[in-house]
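A.B. asks: Handing over protein31.cif, mmCIF, C-alpha atoms and all ligand atoms.
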```
data_query
#
loop_
_atom_site.label_atom_id
_atom_site.label_comp_id
_atom_site.auth_asym_id
_atom_site.auth_seq_id
_atom_site.Cartn_x
_atom_site.Cartn_y
_atom_site.Cartn_z
CA MET C 1 -75.40 -100.12 -100.32
CA GLN C 2 -78.52 -102.15 -99.82
CA TRP C 3 -79.68 -104.41 -97.00
CA GLN C 4 -82.53 -106.88 -96.67
CA ILE C 5 -84.23 -107.20 -93.27
CA GLY C 6 -86.84 -109.91 -93.71
CA THR C 7 -89.28 -108.51 -96.26
CA VAL C 8 -87.91 -104.96 -95.90
CA LYS C 9 -85.31 -103.54 -98.28
CA VAL C 10 -83.17 -100.60 -97.13
CA THR C 11 -81.22 -98.62 -99.76
CA ARG C 12 -78.67 -95.91 -99.07
CA ILE C 13 -78.72 -92.74 -101.18
CA VAL C 14 -75.46 -90.83 -100.67
CA GLU C 15 -75.36 -87.07 -100.94
CA LEU C 16 -71.80 -86.45 -99.70
CA GLU C 17 -68.80 -88.37 -98.31
CA MET C 18 -65.86 -86.58 -96.73
CA ALA C 19 -62.54 -87.40 -95.02
CA GLY C 20 -61.15 -84.95 -92.50
CA GLY C 21 -62.62 -81.59 -91.66
CA THR C 22 -64.81 -83.30 -89.06
CA ARG C 23 -63.04 -82.05 -85.93
CA PHE C 24 -65.70 -79.39 -85.48
CA ILE C 25 -68.21 -82.20 -84.94
CA LEU C 26 -66.13 -84.47 -82.67
CA PRO C 27 -63.41 -82.36 -81.02
CA GLN C 28 -62.00 -85.27 -78.99
CA ALA C 29 -61.30 -87.27 -82.16
CA THR C 30 -57.82 -85.90 -82.79
CA PRO C 31 -55.64 -87.83 -85.28
CA GLU C 32 -53.49 -89.00 -82.33
CA ALA C 33 -56.56 -90.35 -80.52
CA VAL C 34 -58.04 -91.93 -83.66
CA LYS C 35 -54.91 -93.65 -85.03
CA PRO C 36 -54.82 -96.48 -82.44
CA MET C 37 -58.40 -97.45 -83.39
CA GLN C 38 -57.25 -99.65 -86.25
CA TRP C 39 -60.62 -101.40 -86.67
CA MET C 40 -61.90 -98.17 -88.23
CA VAL C 41 -59.36 -98.22 -91.11
CA PRO C 42 -60.05 -97.99 -94.05
CA HIS C 43 -63.84 -97.52 -93.83
CA PHE C 44 -64.32 -94.94 -91.09
CA ALA C 45 -60.85 -93.41 -90.68
CA THR C 46 -57.73 -92.91 -92.80
CA GLU C 47 -54.34 -94.39 -91.81
CA ASP C 48 -53.31 -90.95 -90.56
CA GLY C 49 -56.28 -90.67 -88.19
CA LYS C 50 -58.73 -88.53 -90.13
CA LEU C 51 -62.39 -89.44 -89.70
CA ILE C 52 -64.44 -90.32 -92.78
CA MET C 53 -68.13 -89.45 -92.72
CA SER C 54 -71.09 -89.67 -95.04
CA VAL C 55 -74.31 -87.75 -95.45
CA HIS C 56 -76.96 -90.07 -96.82
CA ALA C 57 -80.66 -90.83 -96.80
CA LEU C 58 -82.11 -94.31 -96.34
CA VAL C 59 -85.02 -95.64 -98.38
CA ILE C 60 -87.17 -98.21 -96.55
CA GLU C 61 -89.25 -100.33 -98.89
CA THR C 62 -91.73 -102.70 -97.26
CA PRO C 63 -94.22 -104.86 -99.21
CA GLU C 64 -96.80 -102.06 -98.83
CA ARG C 65 -94.93 -98.85 -98.12
CA LEU C 66 -92.14 -96.62 -99.40
CA MET C 67 -90.39 -94.43 -96.84
CA LEU C 68 -87.32 -92.22 -96.63
CA VAL C 69 -85.35 -91.55 -93.46
CA ASP C 70 -83.47 -88.23 -93.16
CA THR C 71 -83.33 -85.98 -96.18
CA CYS C 72 -79.70 -84.77 -96.08
CA ILE C 73 -78.61 -81.20 -96.87
CA GLY C 74 -80.56 -80.34 -100.00
CA ASN C 75 -79.88 -78.01 -102.93
CA ASP C 76 -79.97 -74.21 -103.15
CA LYS C 77 -80.00 -73.67 -99.36
CA VAL C 78 -77.98 -70.92 -97.68
CA ARG C 79 -75.82 -72.73 -95.11
CA SER C 80 -72.85 -71.76 -92.95
CA ILE C 81 -70.63 -74.76 -93.82
CA PRO C 82 -69.07 -73.99 -97.24
CA THR C 83 -69.53 -77.47 -98.78
CA TRP C 84 -73.17 -77.47 -97.60
CA ASN C 85 -73.94 -74.00 -98.93
CA LEU C 86 -76.02 -73.46 -102.12
CA ARG C 87 -75.45 -77.00 -103.30
CA HIS C 88 -76.37 -78.27 -106.75
CA GLY C 89 -75.90 -81.97 -106.04
CA PRO C 90 -77.45 -84.89 -107.96
CA PHE C 91 -79.39 -86.33 -105.01
CA LEU C 92 -82.67 -86.75 -106.93
CA GLU C 93 -80.74 -88.31 -109.83
CA GLU C 94 -79.15 -90.76 -107.37
CA LEU C 95 -82.62 -91.58 -106.05
CA ALA C 96 -83.79 -92.18 -109.64
CA LYS C 97 -80.78 -94.44 -110.30
CA ALA C 98 -81.87 -96.53 -107.30
CA GLY C 99 -85.29 -96.83 -108.96
CA TYR C 100 -87.33 -94.27 -107.05
CA VAL C 101 -89.06 -91.00 -107.90
CA PRO C 102 -90.22 -88.54 -105.21
CA GLU C 103 -93.94 -88.95 -106.04
CA GLN C 104 -93.80 -92.64 -105.02
CA PHE C 105 -92.92 -92.03 -101.38
CA ASP C 106 -95.71 -92.24 -98.82
CA THR C 107 -93.65 -91.40 -95.71
CA ILE C 108 -90.71 -89.10 -94.94
CA MET C 109 -89.11 -89.35 -91.49
CA CYS C 110 -86.67 -86.97 -89.80
CA THR C 111 -84.71 -88.49 -86.90
CA HIS C 112 -84.18 -84.91 -85.74
CA LEU C 113 -84.37 -81.37 -87.08
CA HIS C 114 -80.74 -80.62 -87.92
CA VAL C 115 -79.57 -79.06 -91.16
CA ASP C 116 -78.22 -82.32 -92.69
CA HIS C 117 -81.42 -84.31 -91.99
CA VAL C 118 -84.17 -82.10 -93.39
CA GLY C 119 -82.73 -80.54 -96.57
CA TRP C 120 -84.56 -82.48 -99.26
CA ASN C 121 -87.86 -82.05 -97.43
CA THR C 122 -88.17 -79.17 -99.88
CA ARG C 123 -86.70 -77.99 -103.17
CA LEU C 124 -86.60 -74.61 -104.84
CA VAL C 125 -89.02 -74.22 -107.77
CA GLU C 126 -89.23 -70.78 -109.40
CA GLY C 127 -88.01 -69.12 -106.21
CA VAL C 128 -90.43 -70.94 -103.89
CA TRP C 129 -89.69 -73.82 -101.47
CA VAL C 130 -92.05 -76.67 -102.31
CA PRO C 131 -92.31 -80.17 -100.80
CA THR C 132 -90.01 -82.57 -102.68
CA PHE C 133 -92.28 -85.50 -101.83
CA PRO C 134 -95.79 -84.18 -102.55
CA ASN C 135 -97.63 -87.44 -101.84
CA ALA C 136 -95.92 -88.26 -98.54
CA ARG C 137 -96.77 -87.68 -94.91
CA TYR C 138 -93.77 -86.10 -93.21
CA LEU C 139 -93.40 -87.61 -89.73
CA ILE C 140 -91.66 -85.39 -87.18
CA GLY C 141 -91.34 -86.14 -83.48
CA GLU C 142 -93.64 -83.78 -81.61
CA GLN C 143 -91.11 -83.13 -78.83
CA GLU C 144 -88.42 -82.33 -81.40
CA PHE C 145 -90.73 -80.02 -83.33
CA ARG C 146 -91.88 -78.16 -80.19
CA TYR C 147 -88.28 -77.58 -79.12
CA TRP C 148 -87.12 -76.09 -82.44
CA SER C 149 -90.32 -74.08 -82.82
CA GLN C 150 -89.52 -72.04 -79.73
CA VAL C 151 -85.84 -71.37 -80.56
CA ASP C 152 -85.22 -67.87 -81.89
CA PRO C 153 -83.95 -68.36 -85.49
CA ALA C 154 -81.63 -65.37 -84.99
CA THR C 155 -79.61 -67.50 -82.53
CA LEU C 156 -79.03 -70.28 -85.08
CA ASN C 157 -76.53 -70.53 -87.94
CA GLU C 158 -79.26 -71.42 -90.38
CA ASP C 159 -82.98 -71.04 -90.47
CA ILE C 160 -84.01 -74.56 -91.41
CA MET C 161 -87.54 -74.06 -90.11
CA SER C 162 -88.36 -71.49 -92.78
CA ASP C 163 -86.85 -73.27 -95.80
CA SER C 164 -87.25 -76.96 -94.87
CA ILE C 165 -90.07 -77.37 -92.31
CA GLN C 166 -92.58 -74.52 -92.71
CA PRO C 167 -93.25 -75.22 -96.43
CA VAL C 168 -94.25 -78.84 -95.69
CA LEU C 169 -96.34 -77.67 -92.72
CA ASP C 170 -98.06 -75.10 -94.96
CA ALA C 171 -98.78 -77.84 -97.49
CA GLY C 172 -100.55 -79.82 -94.75
CA LEU C 173 -98.14 -82.75 -95.07
CA VAL C 174 -96.73 -82.94 -91.51
CA ASP C 175 -97.83 -85.35 -88.78
CA LEU C 176 -96.36 -84.64 -85.35
CA VAL C 177 -95.91 -88.02 -83.69
CA ALA C 178 -94.79 -89.56 -80.39
CA SER C 179 -91.18 -90.68 -80.02
CA ASP C 180 -92.28 -94.34 -79.98
CA HIS C 181 -94.60 -93.96 -82.97
CA ARG C 182 -95.34 -97.12 -84.94
CA VAL C 183 -95.17 -96.28 -88.64
CA SER C 184 -96.03 -99.69 -90.05
CA GLU C 185 -96.00 -103.33 -89.00
CA GLU C 186 -92.23 -103.39 -89.60
CA VAL C 187 -91.08 -99.83 -88.79
CA ARG C 188 -91.24 -97.74 -85.64
CA PHE C 189 -89.66 -94.76 -83.94
CA GLU C 190 -87.51 -95.33 -80.87
CA SER C 191 -86.53 -92.52 -78.51
CA THR C 192 -82.74 -91.87 -78.42
CA PRO C 193 -82.44 -88.41 -76.85
CA GLY C 194 -79.38 -86.26 -76.18
CA HIS C 195 -78.08 -85.20 -79.58
CA THR C 196 -81.30 -83.20 -79.74
CA PRO C 197 -84.16 -83.13 -77.18
CA GLY C 198 -86.54 -85.28 -79.24
CA HIS C 199 -84.07 -87.34 -81.26
CA VAL C 200 -85.35 -90.71 -82.48
CA SER C 201 -83.86 -93.76 -84.16
CA ILE C 202 -85.78 -96.02 -86.55
CA ARG C 203 -86.28 -99.69 -85.68
CA ILE C 204 -87.02 -102.20 -88.46
CA GLN C 205 -88.31 -105.68 -87.64
CA SER C 206 -89.39 -108.31 -90.12
CA GLU C 207 -89.46 -112.09 -90.13
CA GLY C 208 -87.28 -112.30 -87.02
CA LYS C 209 -84.63 -109.94 -88.45
CA GLN C 210 -83.85 -106.53 -86.98
CA ALA C 211 -82.06 -103.32 -87.90
CA LEU C 212 -81.66 -99.95 -86.22
CA ILE C 213 -81.10 -96.73 -88.14
CA THR C 214 -79.24 -94.68 -85.56
CA GLY C 215 -79.73 -91.09 -86.62
CA ASP C 216 -77.06 -88.98 -84.90
CA CYS C 217 -77.15 -90.58 -81.44
CA ILE C 218 -73.99 -92.28 -82.75
CA HIS C 219 -72.51 -89.66 -85.03
CA HIS C 220 -69.43 -91.62 -86.03
CA PRO C 221 -68.34 -95.24 -85.32
CA CYS C 222 -65.45 -93.93 -83.16
CA GLN C 223 -68.10 -93.24 -80.49
CA ILE C 224 -68.82 -96.99 -80.34
CA GLU C 225 -65.38 -97.50 -78.77
CA GLN C 226 -65.14 -94.07 -77.13
CA LEU C 227 -68.60 -93.78 -75.59
CA ASP C 228 -67.84 -90.47 -73.91
CA TRP C 229 -66.73 -88.67 -77.05
CA SER C 230 -69.56 -86.30 -77.66
CA SER C 231 -70.45 -84.25 -80.65
CA SER C 232 -70.19 -80.48 -80.48
CA ALA C 233 -73.68 -80.54 -82.01
CA ASP C 234 -75.08 -82.48 -79.02
CA PHE C 235 -77.80 -80.62 -77.14
CA ASP C 236 -77.14 -82.55 -73.91
CA SER C 237 -73.89 -84.53 -74.02
CA ASP C 238 -74.56 -86.45 -70.77
CA THR C 239 -77.92 -87.72 -72.02
CA ALA C 240 -76.35 -88.46 -75.43
CA ALA C 241 -73.64 -90.59 -73.77
CA GLU C 242 -76.26 -92.40 -71.65
CA THR C 243 -78.25 -93.16 -74.80
CA ARG C 244 -75.15 -94.59 -76.52
CA LYS C 245 -74.27 -96.74 -73.50
CA ARG C 246 -77.79 -98.14 -73.36
CA LEU C 247 -77.97 -98.83 -77.10
CA LEU C 248 -74.54 -100.45 -77.29
CA ALA C 249 -75.18 -102.68 -74.26
CA GLU C 250 -78.54 -103.67 -75.75
CA HIS C 251 -77.03 -104.58 -79.13
CA ASN C 252 -73.67 -106.00 -78.12
CA GLU C 253 -73.14 -109.43 -79.74
CA SER C 254 -76.67 -109.26 -81.16
CA SER C 255 -77.85 -109.94 -84.70
CA THR C 256 -79.36 -106.44 -85.05
CA LEU C 257 -77.83 -104.63 -88.00
CA ILE C 258 -76.78 -101.11 -86.95
CA ILE C 259 -77.14 -98.71 -89.88
CA GLY C 260 -75.48 -95.36 -89.20
CA THR C 261 -76.85 -92.17 -90.61
CA HIS C 262 -73.32 -90.73 -91.03
CA PHE C 263 -71.32 -93.97 -91.14
CA ALA C 264 -69.20 -94.04 -94.30
CA THR C 265 -69.28 -97.04 -96.66
CA PRO C 266 -70.26 -99.79 -95.84
CA SER C 267 -72.43 -97.76 -93.37
CA ALA C 268 -73.67 -100.73 -91.33
CA GLY C 269 -72.42 -103.52 -89.10
CA TYR C 270 -72.84 -105.36 -85.83
CA ILE C 271 -71.79 -104.33 -82.32
CA ARG C 272 -69.09 -106.64 -81.00
CA THR C 273 -66.60 -106.54 -78.12
CA LYS C 274 -62.81 -106.85 -78.21
CA GLU C 275 -60.55 -106.24 -75.20
CA ASP C 276 -63.40 -104.73 -73.16
CA ALA C 277 -64.30 -102.18 -75.82
CA TYR C 278 -67.13 -102.16 -78.30
CA TYR C 279 -66.47 -101.89 -82.03
CA LEU C 280 -68.51 -102.08 -85.23
CA ASP C 281 -68.00 -105.34 -87.09
CA VAL C 282 -68.43 -104.74 -90.81
CA SER C 283 -66.90 -108.05 -91.90
CA ALA C 284 -70.17 -109.97 -92.21
CA ASP C 285 -71.59 -110.11 -95.71
CA HIS C 286 -74.54 -107.83 -96.25
CA VAL C 287 -76.96 -108.05 -99.13
ZN ZN C 301 -76.29 -85.19 -88.80
#
```
I need this file expressed as structure tokens, please.

C.D. replies:
Amino acid sequence: MQWQIGTVKVTRIVELEMAGGTRFILPQATPEAVKPMQWMVPHFATEDGKLIMSVHALVIETPERLMLVDTCIGNDKVRSIPTWNLRHGPFLEELAKAGYVPEQFDTIMCTHLHVDHVGWNTRLVEGVWVPTFPNARYLIGEQEFRYWSQVDPATLNEDIMSDSIQPVLDAGLVDLVASDHRVSEEVRFESTPGHTPGHVSIRIQSEGKQALITGDCIHHPCQIEQLDWSSSADFDSDTAAETRKRLLAEHNESSTLIIGTHFATPSAGYIRTKEDAYYLDVSADHV
């Protein structure tokens, strides 16, 4: 998938798409509860009410800059979810097919520091974790970084700090930034807390066109209709629901393209209202 927002081109690089097995993320999304939401079929749910999700990164190419938002799960990492554990996926080959090599990127952005958003920050070379994007600045929200820095790794399922964050810090490639950081003329961070304490979304504006890369403040499109369905991975589900309500009200019936970080193909659409409920309209033609 690829979208054009004014002079900015956004390209999706998929690492993994999956149907079902997502109840651990959204426990309220039972097949019985999902089935009546027919607008989600076939893109975001199956006929029998299983959610479909994607793990992907988004390349942002502006006239001057080359950026990547959220670096997925990564290869060779010890993870608790079986399909995420010790992967040998072709992510870098997919990036190459889209026309990009890691050395070209000048900016890597993490919407938050969860396992499926930081993986390709590093790769394993001769037993050592090295930065995958050696010429990039890695932008991490300062609030998000401070929070995860003080959590005892022994209390977490996986130690992402040591294999995916510390190596880029040690290489001197990290900039800790404010949650409203302006990255370029077209691209800026926007605070969308709740899923994690310092979670951010990425706003793109160019030539009067707008897009918002959500990150995980909207984990799955079902939360666009069911605003109170929260993710079991949410740090603060009340704040997460408030963030969704604010974002959806702000973008309802607007021309801002909403690009989801876990939305399955086609991964983007517009917020519209039908019978007093919001939904994601994916019918408009995208580039
Ligand atoms: Zn995620």

A.B. asks: So, with only C-alpha atoms as the atoms that count, which of C:Ser54, C:Asn252, C:Thr196, C:Ser231 lies closest to Gly141 of chain C?

C.D. replies: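 Answer, going by the shortest atom-to-atom distance: C:Thr196.
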
A.B. asks: May I have the residues within 9 Å of ligand ZN 301 (chain C), computed using all atoms listed in the file, as a list in words?

C.D. replies: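 The distance check yields Val55, Asp70, Cys72, His112, His114, Val115, Asp116, His117, Gly215, Asp216, His219, Ala233, Thr261 and His262 of chain C.
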
A.B. asks: Give me the residues within 12 Å of Thr46 of chain C as a PyMOL selection string, counting all atoms listed in the file and dropping any in the same chain fewer than 3 places off.

C.D. replies: chain C and resi 18-20+31-32+34-43+49-53+264

A.B. asks: What is the distance, in Å and to one decimal place, between atom CA of Ala268 of chain C and atom CA of Thr214 of chain C?

C.D. replies: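 Separation between atom CA of Ala268 of chain C and atom CA of Thr214 of chain C: 10.0 Å.
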
A.B. asks: Please return, as a list of chain:residue names, all polymer residues that have at least one atom within 7 Å of the point (-80.2, -97.4, -99.1); use only C-alpha atoms and the file's own coordinate frame.

C.D. replies: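 Collected hits near the coordinates: C:Met1, C:Gln2, C:Val10, C:Thr11, C:Arg12, C:Ile13, C:Ala57, C:Leu58, C:Val59.
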
A.B. asks: Please build the interface table for segment 60-112 of chain C against segment 164-171 of chain C with a cut-off of 10 Å, listing for each qualifying residue the nearest atom pair and the distance in Å to one decimal; count all atoms listed in the file, order rows by chain and increasing number, and write it as JSON lines.

C.D. replies:
```
{"residue": "C:Thr71", "atom": "CA", "partner": "C:Ser164", "partner_atom": "CA", "distance": 9.9}
{"residue": "C:Ile73", "atom": "CA", "partner": "C:Ser164", "partner_atom": "CA", "distance": 9.8}
{"residue": "C:Gly74", "atom": "CA", "partner": "C:Ser164", "partner_atom": "CA", "distance": 9.1}
{"residue": "C:Lys77", "atom": "CA", "partner": "C:Ser164", "partner_atom": "CA", "distance": 9.1}
```

A.B. asks: Which is closest to Gln4 of chain C among C:Leu113, C:Val101, C:Ala45, C:Ile204, if we use all atoms listed in the file?

C.D. replies: C:Ile204

A.B. asks: Here is a test: counting all atoms listed in the file, which residue of C:Ala136, C:Met161, C:Ile218, C:Leu212 is nearest to Ser254 of chain C?

C.D. replies: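 Checking each of C:Ala136, C:Met161, C:Ile218, C:Leu212 against Ser254 of chain C, counting all atoms listed in the file, the winner is C:Leu212.
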
A.B. asks: For Arg87 of chain C, work out the shell of residues within 12 Å, counting all atoms listed in the file and skipping chain neighbours fewer than 4 positions away, then give it as a list of chain:residue names.

C.D. replies: C:Glu15, C:Leu16, C:Cys72, C:Ile73, C:Gly74, C:Asn75, C:Asp76, C:Lys77, C:Val78, C:Arg79, C:Ser80, C:Ile81, C:Pro82, C:Thr83, C:Phe91, C:Gly119, C:Trp120, C:Arg123, C:Leu124

A.B. asks: Which is closest to Val8 of chain C among C:Gly99, C:Pro90, C:Pro27, C:Gly208, if we use only C-alpha atoms?

C.D. replies: C:Gly208

A.B. asks: Tell me which protein, DNA and RNA residues are within 9 Å of Val282 of chain C, counting all atoms listed in the file, leaving out same-chain ones fewer than 5 positions away, and put them as a list in words.

C.D. replies: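 Here the answer would be Pro266, Ser267, Ala268, Gly269 and Tyr270 of chain C.
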
A.B. asks: Choose the residue, out of C:Ser283, C:Gln28, C:Gln205, C:Thr132, that has the smallest atom-to-atom separation from Ile271 of chain C; count only C-alpha atoms.

C.D. replies: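 Of the candidates, the smallest distance to Ile271 of chain C is held by C:Ser283.
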
A.B. asks: For atom CA of Phe133 of chain C and atom CA of Met67 of chain C, quote the distance in Å rounded to one decimal.

C.D. replies: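 Atom CA of Phe133 of chain C sits 10.4 Å away from atom CA of Met67 of chain C.
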
A.B. asks: Find the distance between atom CA of Asn135 of chain C and atom CA of Phe105 of chain C and write it in Å to one decimal.

C.D. replies: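 These atoms are spaced 6.6 Å apart.
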
A.B. asks: Would you please work out which residue, of C:Asp175, C:Glu185, C:Glu275, C:Glu158, is nearest to Phe145 of chain C when using only C-alpha atoms?

C.D. replies: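 Closest to Phe145 of chain C, using only C-alpha atoms: C:Asp175.
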
A.B. asks: Within 8 Å of segment 234-246 of chain C, which residues of segment 153-196 of chain C come that close, and what is the closest atom pair and distance in Å for each? Count all atoms listed in the file and give it as a Markdown table.

C.D. replies:
```
| residue | atom | partner | partner_atom | distance |
| --- | --- | --- | --- | --- |
| C:Thr192 | CA | C:Thr243 | CA | 5.9 |
| C:Pro193 | CA | C:Ala240 | CA | 6.3 |
| C:Gly194 | CA | C:Ala240 | CA | 3.8 |
| C:His195 | CA | C:Asp234 | CA | 4.1 |
| C:Thr196 | CA | C:Phe235 | CA | 5.1 |
```

A.B. asks: Write a file of the selected residues as a PDB file, in the coordinates of the input, keeping C-alpha atoms.

C.D. replies:
```
ATOM      1  CA  THR C 192     -82.740 -91.870 -78.420  1.00  0.00           C
ATOM      2  CA  PRO C 193     -82.440 -88.410 -76.850  1.00  0.00           C
ATOM      3  CA  GLY C 194     -79.380 -86.260 -76.180  1.00  0.00           C
ATOM      4  CA  HIS C 195     -78.080 -85.200 -79.580  1.00  0.00           C
ATOM      5  CA  THR C 196     -81.300 -83.200 -79.740  1.00  0.00           C
TER       6      THR C 196
END
```
